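**Student:** Below you'll find data.cif; it's mmCIF, C-alpha atoms and all ligand atoms.
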data_protein
loop_
_atom_site.label_atom_id
_atom_site.label_comp_id
_atom_site.auth_asym_id
_atom_site.auth_seq_id
_atom_site.Cartn_x
_atom_site.Cartn_y
_atom_site.Cartn_z
CA MET X 24 8.88 9.65 -22.40
CA LYS X 25 5.53 7.84 -22.39
CA ALA X 26 3.43 8.46 -19.28
CA ILE X 27 -0.14 8.28 -18.01
CA VAL X 28 -1.48 11.67 -16.97
CA VAL X 29 -4.57 12.97 -15.20
CA THR X 30 -5.90 16.51 -15.57
CA ASP X 31 -9.45 16.39 -14.17
CA PRO X 32 -9.99 15.70 -10.44
CA THR X 33 -13.63 14.76 -11.09
CA ALA X 34 -13.00 12.22 -13.87
CA GLY X 35 -11.60 9.29 -11.84
CA THR X 36 -9.66 6.60 -13.67
CA ALA X 37 -11.72 7.33 -16.82
CA GLY X 38 -9.79 10.60 -17.07
CA MET X 39 -6.40 8.86 -17.42
CA THR X 40 -4.61 9.22 -20.76
CA LEU X 41 -1.38 7.85 -22.17
CA THR X 42 0.69 10.65 -23.62
CA GLU X 43 4.22 12.01 -24.14
CA ARG X 44 5.83 13.97 -21.28
CA PRO X 45 9.29 15.52 -20.96
CA ASP X 46 11.92 13.26 -19.42
CA PRO X 47 12.33 14.21 -15.72
CA ALA X 48 15.71 15.35 -14.36
CA PRO X 49 16.91 14.49 -10.85
CA GLY X 50 17.48 17.38 -8.41
CA GLY X 51 19.58 17.31 -5.25
CA ASN X 52 19.34 13.97 -3.39
CA ASP X 53 17.13 12.60 -6.18
CA VAL X 54 17.42 9.43 -8.21
CA LEU X 55 16.23 9.02 -11.79
CA VAL X 56 14.66 5.57 -11.94
CA GLU X 57 13.97 3.73 -15.18
CA VAL X 58 10.56 2.30 -14.34
CA HIS X 59 10.10 -1.43 -14.93
CA ALA X 60 6.92 -1.89 -12.89
CA SER X 61 4.49 0.58 -11.34
CA GLY X 62 1.78 0.29 -8.70
CA PHE X 63 -1.24 2.59 -8.68
CA THR X 64 -3.88 2.92 -5.93
CA PRO X 65 -7.27 4.25 -7.17
CA GLY X 66 -7.68 6.28 -3.96
CA GLU X 67 -4.80 8.55 -4.96
CA LEU X 68 -7.03 10.37 -7.45
CA SER X 69 -8.79 11.91 -4.44
CA TRP X 70 -5.58 12.97 -2.64
CA PRO X 71 -4.68 16.69 -2.80
CA GLY X 72 -1.05 15.89 -3.65
CA THR X 73 -2.16 14.37 -6.96
CA TRP X 74 -3.43 17.77 -8.10
CA ALA X 75 -1.30 20.38 -6.35
CA ASP X 76 2.29 20.66 -5.13
CA HIS X 77 3.22 21.27 -1.49
CA LEU X 78 2.58 25.00 -1.92
CA GLY X 79 -0.89 24.32 -3.27
CA ARG X 80 -0.02 25.18 -6.89
CA ASP X 81 -1.83 23.27 -9.61
CA ARG X 82 0.52 20.64 -10.99
CA THR X 83 -1.66 19.05 -13.66
CA PRO X 84 -1.15 17.25 -15.94
CA SER X 85 0.19 15.02 -13.20
CA ILE X 86 1.45 11.46 -13.44
CA PRO X 87 -0.17 9.10 -10.90
CA GLY X 88 1.32 5.94 -9.38
CA HIS X 89 3.43 5.91 -6.23
CA GLU X 90 5.01 2.47 -6.18
CA VAL X 91 7.97 1.62 -8.34
CA ALA X 92 10.45 -1.09 -9.11
CA GLY X 93 13.17 -0.30 -11.61
CA ILE X 94 16.80 0.56 -12.26
CA VAL X 95 18.75 3.66 -11.20
CA ARG X 96 19.80 5.55 -14.34
CA SER X 97 21.26 8.76 -12.86
CA LEU X 98 21.78 10.56 -9.57
CA GLY X 99 21.18 14.20 -8.66
CA TYR X 100 23.74 16.40 -6.95
CA GLY X 101 24.74 15.05 -3.55
CA THR X 102 22.76 11.81 -3.84
CA ARG X 103 24.36 9.03 -1.81
CA GLY X 104 23.57 5.44 -0.91
CA LEU X 105 22.45 4.15 -4.31
CA SER X 106 24.37 3.73 -7.55
CA VAL X 107 23.70 3.85 -11.29
CA GLY X 108 22.57 0.48 -12.62
CA GLN X 109 21.24 -0.70 -9.25
CA ARG X 110 17.81 -2.39 -8.99
CA VAL X 111 15.58 -0.45 -6.58
CA PHE X 112 12.02 -0.25 -5.33
CA GLY X 113 10.15 2.27 -3.24
CA LEU X 114 7.58 4.96 -2.80
CA ALA X 115 7.27 8.15 -4.88
CA ALA X 116 6.32 11.40 -3.10
CA TRP X 117 2.58 12.12 -2.97
CA ASP X 118 2.95 15.58 -4.54
CA ARG X 119 5.43 14.87 -7.33
CA ASP X 120 4.99 13.10 -10.64
CA GLY X 121 4.61 9.37 -10.11
CA THR X 122 5.53 6.03 -11.55
CA LEU X 123 3.05 5.36 -14.39
CA ALA X 124 5.76 6.50 -16.77
CA GLU X 125 8.95 5.30 -18.41
CA SER X 126 11.01 7.26 -15.82
CA VAL X 127 10.42 8.84 -12.43
CA VAL X 128 12.45 11.04 -10.10
CA ILE X 129 12.39 9.99 -6.43
CA GLU X 130 14.36 11.10 -3.38
CA ALA X 131 17.02 8.50 -2.66
CA ARG X 132 15.85 7.95 0.92
CA ASN X 133 12.47 6.75 -0.40
CA LEU X 134 14.08 3.87 -2.31
CA ALA X 135 15.75 0.63 -1.24
CA PRO X 136 17.81 -1.93 -3.13
CA LEU X 137 15.67 -4.63 -4.78
CA PRO X 138 17.41 -8.02 -4.64
CA GLY X 139 18.06 -9.58 -8.05
CA ASP X 140 15.80 -12.55 -7.34
CA ILE X 141 12.67 -10.46 -6.69
CA ASP X 142 10.76 -9.75 -9.87
CA PHE X 143 10.00 -6.10 -10.66
CA THR X 144 6.26 -6.89 -10.64
CA ILE X 145 6.49 -8.11 -7.05
CA GLY X 146 8.74 -5.19 -6.11
CA ALA X 147 6.16 -2.68 -7.32
CA SER X 148 3.38 -4.42 -5.38
CA LEU X 149 5.15 -4.11 -2.04
CA PRO X 150 5.81 -0.50 -1.01
CA ILE X 151 2.40 0.88 -0.02
CA SER X 152 0.79 -2.29 1.33
CA GLY X 153 4.00 -3.59 2.87
CA LEU X 154 5.11 -0.37 4.56
CA THR X 155 1.58 0.36 5.77
CA ALA X 156 1.31 -3.09 7.33
CA TRP X 157 4.78 -2.85 8.88
CA GLN X 158 4.30 0.64 10.31
CA GLY X 159 0.78 -0.05 11.59
CA LEU X 160 1.83 -3.22 13.33
CA PHE X 161 5.33 -2.52 14.62
CA VAL X 162 5.71 1.27 14.77
CA HIS X 163 2.26 2.66 15.62
CA GLY X 164 0.74 -0.55 17.00
CA ARG X 165 3.80 -1.46 19.13
CA PHE X 166 2.95 -5.11 18.58
CA GLU X 167 4.52 -7.68 20.89
CA ALA X 168 4.74 -11.45 20.40
CA GLY X 169 1.85 -13.30 21.98
CA GLN X 170 -0.73 -10.56 21.39
CA SER X 171 -4.02 -11.08 19.59
CA VAL X 172 -4.55 -9.01 16.43
CA LEU X 173 -7.86 -8.39 14.67
CA VAL X 174 -7.09 -7.63 11.02
CA HIS X 175 -9.94 -6.13 9.03
CA GLY X 176 -9.88 -6.76 5.28
CA ALA X 177 -7.41 -9.60 5.79
CA ALA X 178 -7.70 -10.76 2.18
CA GLY X 179 -6.94 -7.29 0.81
CA GLY X 180 -3.72 -5.52 -0.09
CA VAL X 181 -2.75 -4.20 3.35
CA GLY X 182 -4.63 -6.72 5.49
CA SER X 183 -3.06 -9.75 3.82
CA ILE X 184 0.40 -8.43 4.67
CA VAL X 185 -0.62 -7.50 8.21
CA ALA X 186 -1.88 -11.05 8.69
CA GLN X 187 1.38 -12.57 7.44
CA LEU X 188 3.69 -10.24 9.40
CA ALA X 189 1.67 -10.54 12.59
CA ARG X 190 1.53 -14.31 12.40
CA GLU X 191 5.25 -14.58 11.76
CA ALA X 192 5.90 -12.25 14.71
CA GLY X 193 3.95 -14.47 17.09
CA ALA X 194 0.40 -13.08 17.02
CA TYR X 195 -2.91 -14.84 17.28
CA VAL X 196 -4.53 -13.46 14.11
CA ILE X 197 -8.25 -13.03 13.53
CA GLY X 198 -9.01 -11.88 9.99
CA THR X 199 -12.21 -10.31 8.72
CA GLY X 200 -13.75 -9.53 5.36
CA ARG X 201 -16.62 -10.65 3.19
CA ALA X 202 -17.76 -14.29 3.10
CA ALA X 203 -15.83 -14.86 -0.13
CA ASP X 204 -12.59 -13.69 1.52
CA ARG X 205 -12.45 -16.52 4.07
CA GLU X 206 -10.10 -18.90 2.24
CA ALA X 207 -7.71 -16.15 1.17
CA ALA X 208 -7.56 -14.66 4.69
CA LEU X 209 -6.85 -18.06 6.27
CA ASP X 210 -4.26 -18.70 3.58
CA PHE X 211 -2.49 -15.46 4.46
CA GLY X 212 -2.13 -16.57 8.06
CA ALA X 213 -5.36 -15.74 9.90
CA GLN X 214 -6.17 -18.44 12.46
CA GLU X 215 -9.84 -17.41 12.61
CA PHE X 216 -12.05 -15.57 10.16
CA LEU X 217 -15.06 -13.38 10.81
CA ASP X 218 -17.47 -12.62 7.97
CA LEU X 219 -18.35 -8.97 8.56
CA GLU X 220 -21.58 -9.26 6.59
CA HIS X 221 -23.02 -12.20 8.52
CA ASP X 222 -21.13 -12.70 11.80
CA GLU X 223 -21.27 -10.58 14.93
CA LEU X 224 -18.07 -8.59 15.51
CA ALA X 225 -18.70 -8.45 19.27
CA ASP X 226 -18.45 -12.27 19.43
CA ILE X 227 -14.69 -11.99 18.98
CA GLY X 228 -14.24 -10.73 22.53
CA GLU X 229 -11.26 -8.59 23.51
CA VAL X 230 -8.10 -8.26 21.43
CA ASP X 231 -4.78 -6.51 22.00
CA LEU X 232 -4.64 -4.78 18.65
CA VAL X 233 -7.19 -3.93 15.96
CA PHE X 234 -5.77 -3.09 12.51
CA ASP X 235 -8.58 -1.32 10.67
CA VAL X 236 -8.48 -0.72 6.91
CA ILE X 237 -12.24 -0.18 6.53
CA GLY X 238 -13.29 2.54 8.98
CA GLY X 239 -16.87 3.81 9.40
CA GLU X 240 -19.21 1.53 11.31
CA VAL X 241 -16.71 -1.35 11.30
CA GLY X 242 -14.03 0.85 12.82
CA SER X 243 -16.39 2.26 15.44
CA ARG X 244 -17.63 -1.15 16.56
CA SER X 245 -14.04 -2.39 16.72
CA ALA X 246 -13.00 0.21 19.30
CA ALA X 247 -15.02 -1.63 21.95
CA LEU X 248 -13.03 -4.83 21.31
CA VAL X 249 -9.69 -3.32 22.32
CA ARG X 250 -8.64 -4.52 25.75
CA ALA X 251 -7.35 -2.10 28.41
CA GLY X 252 -3.91 -0.92 27.30
CA GLY X 253 -4.47 -2.14 23.74
CA MET X 254 -4.35 -0.34 20.40
CA LEU X 255 -6.72 0.55 17.59
CA VAL X 256 -4.60 1.31 14.52
CA THR X 257 -6.45 2.66 11.54
CA ILE X 258 -5.48 3.68 8.00
CA ALA X 259 -9.06 4.67 7.10
CA GLY X 260 -8.96 8.21 8.45
CA PRO X 261 -9.43 9.60 11.97
CA PRO X 262 -11.30 7.07 14.13
CA GLU X 263 -14.90 7.93 14.97
CA ALA X 264 -14.71 5.95 18.22
CA ARG X 265 -11.78 5.30 20.54
CA PRO X 266 -11.13 2.37 22.86
CA ALA X 267 -12.30 3.22 26.39
CA GLU X 268 -8.99 2.21 27.97
CA GLY X 269 -6.73 1.88 24.97
CA ILE X 270 -5.09 4.09 22.38
CA ALA X 271 -6.31 4.91 18.87
CA VAL X 272 -3.80 5.87 16.18
CA ASP X 273 -4.43 6.82 12.58
CA PHE X 274 -1.53 7.35 10.24
CA VAL X 275 -0.43 7.75 6.65
CA VAL X 276 2.30 5.48 5.35
CA GLU X 277 5.80 6.89 4.89
CA ALA X 278 8.74 5.66 2.86
CA ASP X 279 11.44 3.92 4.88
CA ARG X 280 14.49 2.22 3.38
CA ALA X 281 15.17 -0.10 6.30
CA GLN X 282 11.56 -1.30 6.41
CA LEU X 283 11.55 -1.86 2.63
CA GLY X 284 14.62 -4.01 3.21
CA GLU X 285 12.83 -6.03 5.89
CA LEU X 286 9.94 -6.64 3.50
CA ALA X 287 12.26 -7.67 0.65
CA THR X 288 14.07 -10.14 2.91
CA ARG X 289 10.78 -11.79 3.78
CA VAL X 290 9.67 -11.98 0.14
CA ARG X 291 13.00 -13.58 -0.83
CA ASP X 292 12.80 -16.33 1.74
CA GLY X 293 9.12 -17.04 1.15
CA ARG X 294 7.73 -15.64 4.41
CA LEU X 295 5.76 -12.89 2.64
CA ARG X 296 3.73 -12.67 -0.52
CA THR X 297 1.66 -9.92 -2.05
CA ARG X 298 -1.67 -10.32 -3.79
CA ILE X 299 -1.33 -9.33 -7.44
CA GLY X 300 -4.46 -9.21 -9.56
CA ARG X 301 -3.99 -7.86 -13.08
CA VAL X 302 -0.70 -7.17 -14.82
CA ALA X 303 -0.83 -4.92 -17.91
CA ASP X 304 1.67 -2.96 -19.97
CA LEU X 305 1.70 0.84 -20.14
CA GLY X 306 -0.40 0.77 -23.33
CA GLY X 307 -3.05 -1.33 -21.56
CA ALA X 308 -2.91 0.48 -18.23
CA VAL X 309 -5.89 2.81 -18.68
CA ALA X 310 -8.08 -0.11 -19.78
CA ALA X 311 -6.83 -2.21 -16.84
CA PHE X 312 -7.73 0.51 -14.33
CA ASN X 313 -11.16 0.91 -15.91
CA ALA X 314 -11.96 -2.80 -16.34
CA PRO X 315 -15.65 -3.46 -15.68
CA GLU X 316 -15.05 -6.48 -13.45
CA ARG X 317 -12.95 -6.09 -10.28
CA ALA X 318 -9.98 -8.38 -9.76
CA ALA X 319 -8.86 -9.23 -6.24
CA GLY X 320 -5.33 -7.98 -5.68
CA LYS X 321 -3.22 -5.15 -6.94
CA THR X 322 -3.01 -4.10 -10.57
CA ILE X 323 0.62 -3.75 -11.60
CA ILE X 324 1.76 -2.04 -14.77
CA ARG X 325 4.83 -3.56 -16.41
CA VAL X 326 6.30 -0.50 -18.07
CA ARG X 327 9.17 -2.57 -19.48
CA ALA X 328 8.81 -6.28 -20.25
N1 LIG X 401 -3.40 5.62 5.55
C1 LIG X 401 -2.57 4.98 4.76
O1 LIG X 401 -1.35 5.20 4.81
C2 LIG X 401 -3.08 3.97 3.79
C3 LIG X 401 -2.16 3.10 3.16
C4 LIG X 401 -2.66 2.11 2.31
C5 LIG X 401 -4.03 2.01 2.09
N2 LIG X 401 -4.87 2.90 2.68
C6 LIG X 401 -6.34 2.78 2.49
O2 LIG X 401 -6.72 1.61 3.19
C7 LIG X 401 -7.81 0.99 2.53
C8 LIG X 401 -7.48 -0.47 2.28
O3 LIG X 401 -6.42 -0.58 1.34
P1 LIG X 401 -6.12 -1.97 0.65
O4 LIG X 401 -5.06 -1.73 -0.37
O5 LIG X 401 -5.88 -3.02 1.66
O6 LIG X 401 -7.53 -2.23 -0.08
P2 LIG X 401 -8.12 -3.61 -0.63
O7 LIG X 401 -7.05 -4.42 -1.29
O8 LIG X 401 -9.33 -3.26 -1.40
O9 LIG X 401 -8.51 -4.41 0.71
C9 LIG X 401 -9.60 -4.08 1.52
C10 LIG X 401 -10.29 -5.39 1.87
O10 LIG X 401 -11.33 -5.11 2.82
C11 LIG X 401 -12.56 -5.62 2.30
N3 LIG X 401 -13.66 -4.77 2.75
C12 LIG X 401 -13.79 -3.44 2.55
N4 LIG X 401 -14.93 -2.98 3.12
C13 LIG X 401 -15.52 -4.07 3.67
C14 LIG X 401 -16.73 -4.26 4.40
N5 LIG X 401 -17.55 -3.24 4.66
N6 LIG X 401 -17.03 -5.50 4.82
C15 LIG X 401 -16.21 -6.53 4.55
N7 LIG X 401 -15.06 -6.42 3.87
C16 LIG X 401 -14.72 -5.20 3.42
C17 LIG X 401 -12.39 -5.56 0.82
O11 LIG X 401 -13.32 -6.40 0.17
P3 LIG X 401 -13.95 -5.93 -1.25
O12 LIG X 401 -12.79 -5.79 -2.18
O13 LIG X 401 -14.89 -7.01 -1.59
O14 LIG X 401 -14.60 -4.59 -0.98
C18 LIG X 401 -10.95 -6.02 0.66
O15 LIG X 401 -10.82 -7.42 0.74
C19 LIG X 401 -8.06 1.80 1.27
O16 LIG X 401 -9.09 2.71 1.54
C20 LIG X 401 -6.75 2.54 1.05
O17 LIG X 401 -6.93 3.75 0.35
C21 LIG X 401 -4.43 3.87 3.55
#
Output the structure of this file as structure tokens.
Ligand SMILES: NC(=O)c1ccc[n+]([C@@H]2O[C@H](COP(=O)([O-])OP(=O)(O)OC[C@H]3O[C@@H](n4cnc5c(N)ncnc54)[C@H](OP(=O)(O)O)[C@@H]3O)[C@@H](O)[C@H]2O)c1

**Tutor:**
Amino acid sequence: MKAIVVTDPTAGTAGMTLTERPDPAPGGNDVLVEVHASGFTPGELSWPGTWADHLGRDRTPSIPGHEVAGIVRSLGYGTRGLSVGQRVFGLAAWDRDGTLAESVVIEARNLAPLPGDIDFTIGASLPISGLTAWQGLFVHGRFEAGQSVLVHGAAGGVGSIVAQLAREAGAYVIGTGRAADREAALDFGAQEFLDLEHDELADIGEVDLVFDVIGGEVGSRSAALVRAGGMLVTIAGPPEARPAEGIAVDFVVEADRAQLGELATRVRDGRLRTRIGRVADLGGAVAAFNAPERAAGKTIIRVRA
């Protein structure tokens, strides 16, 4: 099969090449998915799982990309819950070959049915941003209707979904970002916007929940905004400062079939949308990931038209 591989941890996206790889075979509880669309996050080239398996053994050349939308083509021994020919989407394991390929093998529990009226491109844009937003808000953040939520990077991949989910669930949403992000953040559901480069974060006052996707200085200054009993949820690594009378949680997103279903339901009925920037085919993927000008939104690779 055709696949994009990486072999050099220091080369970044410039080290990606399109090549031929053996077709993967599903093991126990696995599903072989014919990839129609793939999502890749540049940060994954710095994750250990991209370069080594769970025992620390070199696994290069490895295939990046962890988000997929496609069709089930075969099932491994004992695999239940999904059937051949079914449309699916989900999250590939961090330390196995990924989705920038014509086929990928994924554990069944990491996939969910993709309704027929959701395009594969949209399906592949949802798993990481959507699950991260869902888990940060509802699982780790223990959000409750009526709370105020400060969403950093509210025009970005994760933040735009946090803003939409929080708003729908009854939050007062304050989004942040750069000056140019204002319109997009308000459009995704933020009721107020704070320009992190020009406005004073402290002017926001206290909030119930901070959802931080930026970390560093922004994350540290945000800890002081969390009211007593509130939460600082971060996906930008361990927090450098903690709320004086609140809880700080950092986490890494996990696959979850039920949550993928919740996200798909909201996309179907128009309550949720993802921000897609470039769409390229597998032949154009390396160029798309190395494009000189940045495009807001996720780059999705349509492996099959
Ligand atoms: N722990 C996890 O499970 C997990 C899951 C998903 C993502 N992540 C990580 O979370 C981060 C965000 O992911 P994403 O997909 O949402 O990224 P993204 O689409 O690039 O969104 C981040 C947004 O924040 C803005 N931003 C970043 N730094 C800023 C600053 N100093 N001041 C103002 N605005 C700033 C960005 O603006 P510009 O584009 O202009 O910089 C962008 O709009 C990434 O580092 C990603 O690797 C972690």

**Student:** Using Å and a single decimal, report how far CA of Gln187 (chain X) sits from CA of Arg244 (chain X).

**Tutor:**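 Atom-to-atom, CA of Arg244 (chain X) to CA of Gln187 (chain X), that is 24.0 Å.
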
**Student:** Which residue gives the smallest distance to Ile184 (chain X) among X:Gly153, X:Gly169, X:Gly239, X:Gly88, with only C-alpha atoms counted?

**Tutor:**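 Once distances to Ile184 (chain X) are computed over only C-alpha atoms, the minimum belongs to X:Gly153.
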
**Student:** From the set X:Ser126, X:Ser61, X:Ser245, X:Asn133, which residue has the shortest atom-to-atom contact distance to Leu219 (chain X), counting only C-alpha atoms?

**Tutor:**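 For Leu219 (chain X), the nearest of the candidates is X:Ser245.
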
**Student:** Residues at most 9 Å from ligand LIG 401 (chain X), using all atoms listed in the file? Could they come as an mmCIF file with C-alpha atoms, keeping the file's coordinate frame?

**Tutor:**
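Printed below is part_31.cif as written:
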data_model
loop_
_atom_site.group_PDB
_atom_site.id
_atom_site.type_symbol
_atom_site.label_atom_id
_atom_site.label_comp_id
_atom_site.auth_asym_id
_atom_site.auth_seq_id
_atom_site.Cartn_x
_atom_site.Cartn_y
_atom_site.Cartn_z
ATOM 1 C CA THR X 64 -3.880 2.920 -5.930
ATOM 2 C CA PRO X 65 -7.270 4.250 -7.170
ATOM 3 C CA GLY X 66 -7.680 6.280 -3.960
ATOM 4 C CA GLU X 67 -4.800 8.550 -4.960
ATOM 5 C CA ILE X 151 2.400 0.880 -0.020
ATOM 6 C CA SER X 152 0.790 -2.290 1.330
ATOM 7 C CA GLY X 153 4.000 -3.590 2.870
ATOM 8 C CA LEU X 154 5.110 -0.370 4.560
ATOM 9 C CA THR X 155 1.580 0.360 5.770
ATOM 10 C CA ALA X 156 1.310 -3.090 7.330
ATOM 11 C CA GLY X 159 0.780 -0.050 11.590
ATOM 12 C CA HIS X 175 -9.940 -6.130 9.030
ATOM 13 C CA GLY X 176 -9.880 -6.760 5.280
ATOM 14 C CA ALA X 177 -7.410 -9.600 5.790
ATOM 15 C CA ALA X 178 -7.700 -10.760 2.180
ATOM 16 C CA GLY X 179 -6.940 -7.290 0.810
ATOM 17 C CA GLY X 180 -3.720 -5.520 -0.090
ATOM 18 C CA VAL X 181 -2.750 -4.200 3.350
ATOM 19 C CA GLY X 182 -4.630 -6.720 5.490
ATOM 20 C CA SER X 183 -3.060 -9.750 3.820
ATOM 21 C CA ILE X 184 0.400 -8.430 4.670
ATOM 22 C CA THR X 199 -12.210 -10.310 8.720
ATOM 23 C CA GLY X 200 -13.750 -9.530 5.360
ATOM 24 C CA ARG X 201 -16.620 -10.650 3.190
ATOM 25 C CA ALA X 202 -17.760 -14.290 3.100
ATOM 26 C CA ALA X 203 -15.830 -14.860 -0.130
ATOM 27 C CA ASP X 204 -12.590 -13.690 1.520
ATOM 28 C CA ALA X 208 -7.560 -14.660 4.690
ATOM 29 C CA ASP X 218 -17.470 -12.620 7.970
ATOM 30 C CA LEU X 219 -18.350 -8.970 8.560
ATOM 31 C CA GLU X 220 -21.580 -9.260 6.590
ATOM 32 C CA ASP X 235 -8.580 -1.320 10.670
ATOM 33 C CA VAL X 236 -8.480 -0.720 6.910
ATOM 34 C CA ILE X 237 -12.240 -0.180 6.530
ATOM 35 C CA GLY X 238 -13.290 2.540 8.980
ATOM 36 C CA GLY X 239 -16.870 3.810 9.400
ATOM 37 C CA GLU X 240 -19.210 1.530 11.310
ATOM 38 C CA VAL X 241 -16.710 -1.350 11.300
ATOM 39 C CA THR X 257 -6.450 2.660 11.540
ATOM 40 C CA ILE X 258 -5.480 3.680 8.000
ATOM 41 C CA ALA X 259 -9.060 4.670 7.100
ATOM 42 C CA GLY X 260 -8.960 8.210 8.450
ATOM 43 C CA ASP X 273 -4.430 6.820 12.580
ATOM 44 C CA PHE X 274 -1.530 7.350 10.240
ATOM 45 C CA VAL X 275 -0.430 7.750 6.650
ATOM 46 C CA VAL X 276 2.300 5.480 5.350
ATOM 47 C CA GLU X 277 5.800 6.890 4.890
ATOM 48 C CA ARG X 298 -1.670 -10.320 -3.790
ATOM 49 C CA ARG X 317 -12.950 -6.090 -10.280
ATOM 50 C CA ALA X 318 -9.980 -8.380 -9.760
ATOM 51 C CA ALA X 319 -8.860 -9.230 -6.240
ATOM 52 C CA GLY X 320 -5.330 -7.980 -5.680
ATOM 53 C CA LYS X 321 -3.220 -5.150 -6.940
#

**Student:** What's the separation between CA of His221 (chain X) and CA of Ala247 (chain X), in Å to one decimal place?

**Tutor:**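 Computing it gives 18.9 Å between the two atoms.
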
**Student:** Could you build a table of the residues in region 124-189 of chain X lying no more than 12 Å from region 25-31 of chain X, giving for each the nearest pair of atoms and their separation in Å rounded to one decimal place, using all atoms listed in the file, ordered by chain and ascending residue number, as JSON lines?

**Tutor:**
{"residue": "X:Ala124", "atom": "CA", "partner": "X:Ala26", "partner_atom": "CA", "distance": 3.9}
{"residue": "X:Glu125", "atom": "CA", "partner": "X:Lys25", "partner_atom": "CA", "distance": 5.8}
{"residue": "X:Ser126", "atom": "CA", "partner": "X:Ala26", "partner_atom": "CA", "distance": 8.4}
{"residue": "X:Val127", "atom": "CA", "partner": "X:Ala26", "partner_atom": "CA", "distance": 9.8}

**Student:** Applying 8 Å and all atoms listed in the file, which residues near Glu90 (chain X) remain after dropping the ones on its own chain fewer than 6 positions away? List them as a PDB file with C-alpha atoms, in the coordinates of the input.

**Tutor:**
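Just written: around-v2.pdb:
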ATOM      1  CA  SER X  61       4.490   0.580 -11.340  1.00  0.00           C
ATOM      2  CA  GLY X  62       1.780   0.290  -8.700  1.00  0.00           C
ATOM      3  CA  PHE X  63      -1.240   2.590  -8.680  1.00  0.00           C
ATOM      4  CA  PHE X 112      12.020  -0.250  -5.330  1.00  0.00           C
ATOM      5  CA  GLY X 113      10.150   2.270  -3.240  1.00  0.00           C
ATOM      6  CA  LEU X 114       7.580   4.960  -2.800  1.00  0.00           C
ATOM      7  CA  ALA X 115       7.270   8.150  -4.880  1.00  0.00           C
ATOM      8  CA  GLY X 121       4.610   9.370 -10.110  1.00  0.00           C
ATOM      9  CA  THR X 122       5.530   6.030 -11.550  1.00  0.00           C
ATOM     10  CA  ALA X 147       6.160  -2.680  -7.320  1.00  0.00           C
ATOM     11  CA  SER X 148       3.380  -4.420  -5.380  1.00  0.00           C
ATOM     12  CA  LEU X 149       5.150  -4.110  -2.040  1.00  0.00           C
ATOM     13  CA  PRO X 150       5.810  -0.500  -1.010  1.00  0.00           C
ATOM     14  CA  ILE X 151       2.400   0.880  -0.020  1.00  0.00           C
TER      15      ILE X 151
END

**Student:** Select, from X:Pro136, X:Gly79, X:Pro45, X:Gly38, the residue with the minimum atom-to-atom distance to Ala287 (chain X), counting all atoms listed in the file.

**Tutor:**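 Checking each candidate against Ala287 (chain X), we get X:Pro136 as the closest.
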
**Student:** Would you kindly return, as a short mmCIF file (atom, residue, chain, number, x, y, z; two decimals) with C-alpha atoms, keeping the file's coordinate frame, each protein, DNA or RNA residue with an atom no farther than 10 Å from any atom of Glu57 (chain X), considering all atoms listed in the file and excluding same-chain residues fewer than 2 positions away?

**Tutor:**
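Output contents, as saved in out29.cif:
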data_model
loop_
_atom_site.label_atom_id
_atom_site.label_comp_id
_atom_site.auth_asym_id
_atom_site.auth_seq_id
_atom_site.Cartn_x
_atom_site.Cartn_y
_atom_site.Cartn_z
CA VAL X 54 17.42 9.43 -8.21
CA LEU X 55 16.23 9.02 -11.79
CA HIS X 59 10.10 -1.43 -14.93
CA ALA X 60 6.92 -1.89 -12.89
CA VAL X 91 7.97 1.62 -8.34
CA ALA X 92 10.45 -1.09 -9.11
CA GLY X 93 13.17 -0.30 -11.61
CA ILE X 94 16.80 0.56 -12.26
CA VAL X 95 18.75 3.66 -11.20
CA ARG X 96 19.80 5.55 -14.34
CA SER X 97 21.26 8.76 -12.86
CA GLY X 108 22.57 0.48 -12.62
CA ARG X 110 17.81 -2.39 -8.99
CA VAL X 111 15.58 -0.45 -6.58
CA THR X 122 5.53 6.03 -11.55
CA ALA X 124 5.76 6.50 -16.77
CA GLU X 125 8.95 5.30 -18.41
CA SER X 126 11.01 7.26 -15.82
CA VAL X 127 10.42 8.84 -12.43
CA VAL X 128 12.45 11.04 -10.10
CA VAL X 326 6.30 -0.50 -18.07
CA ARG X 327 9.17 -2.57 -19.48
#

**Student:** For each of X:Arg325, X:Arg80, X:Arg296, X:Arg301, take the minimum atom-to-atom distance to Val185 (chain X), counting all atoms listed in the file, then give the residue where this is smallest.

**Tutor:**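 Of the candidates, the smallest distance to Val185 (chain X) is held by X:Arg296.
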
**Student:** Using all atoms listed in the file, can you tell me which of X:Pro87, X:Gly300, X:Gly284, X:Gly35 comes closest to Ile323 (chain X)?

**Tutor:**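 So, comparing all the options, the nearest one is X:Gly300.
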
**Student:** One number please: CA of Leu78 (chain X) to CA of Trp117 (chain X), in Å, one decimal.

**Tutor:**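 Between these atoms lies a distance of 12.9 Å.
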
**Student:** Nearest to Gly146 (chain X): which of X:Ala186, X:Leu224, X:Leu217, X:Leu286 is it, counting only C-alpha atoms?

**Tutor:**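 Ranked by minimum distance to Gly146 (chain X), first place goes to X:Leu286.
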
**Student:** So which residues touch Ala194 (chain X) within 8 Å, counting only C-alpha atoms, skipping near sequence neighbours fewer than 6 positions away, as JSON, numbers by chain?

**Tutor:** {"X": [167, 168, 169, 170, 171, 172]}

**Student:** Once 3 Å is added on each side, what centre and edge lengths in Å to one decimal does the axis-aligned box around all listed atoms of region 84-90 of chain X have, as AutoDock Vina command-line options?

**Tutor:**
--center_x 1.9 --center_y 9.9 --center_z -11.1 --size_x 12.2 --size_y 20.8 --size_z 15.8
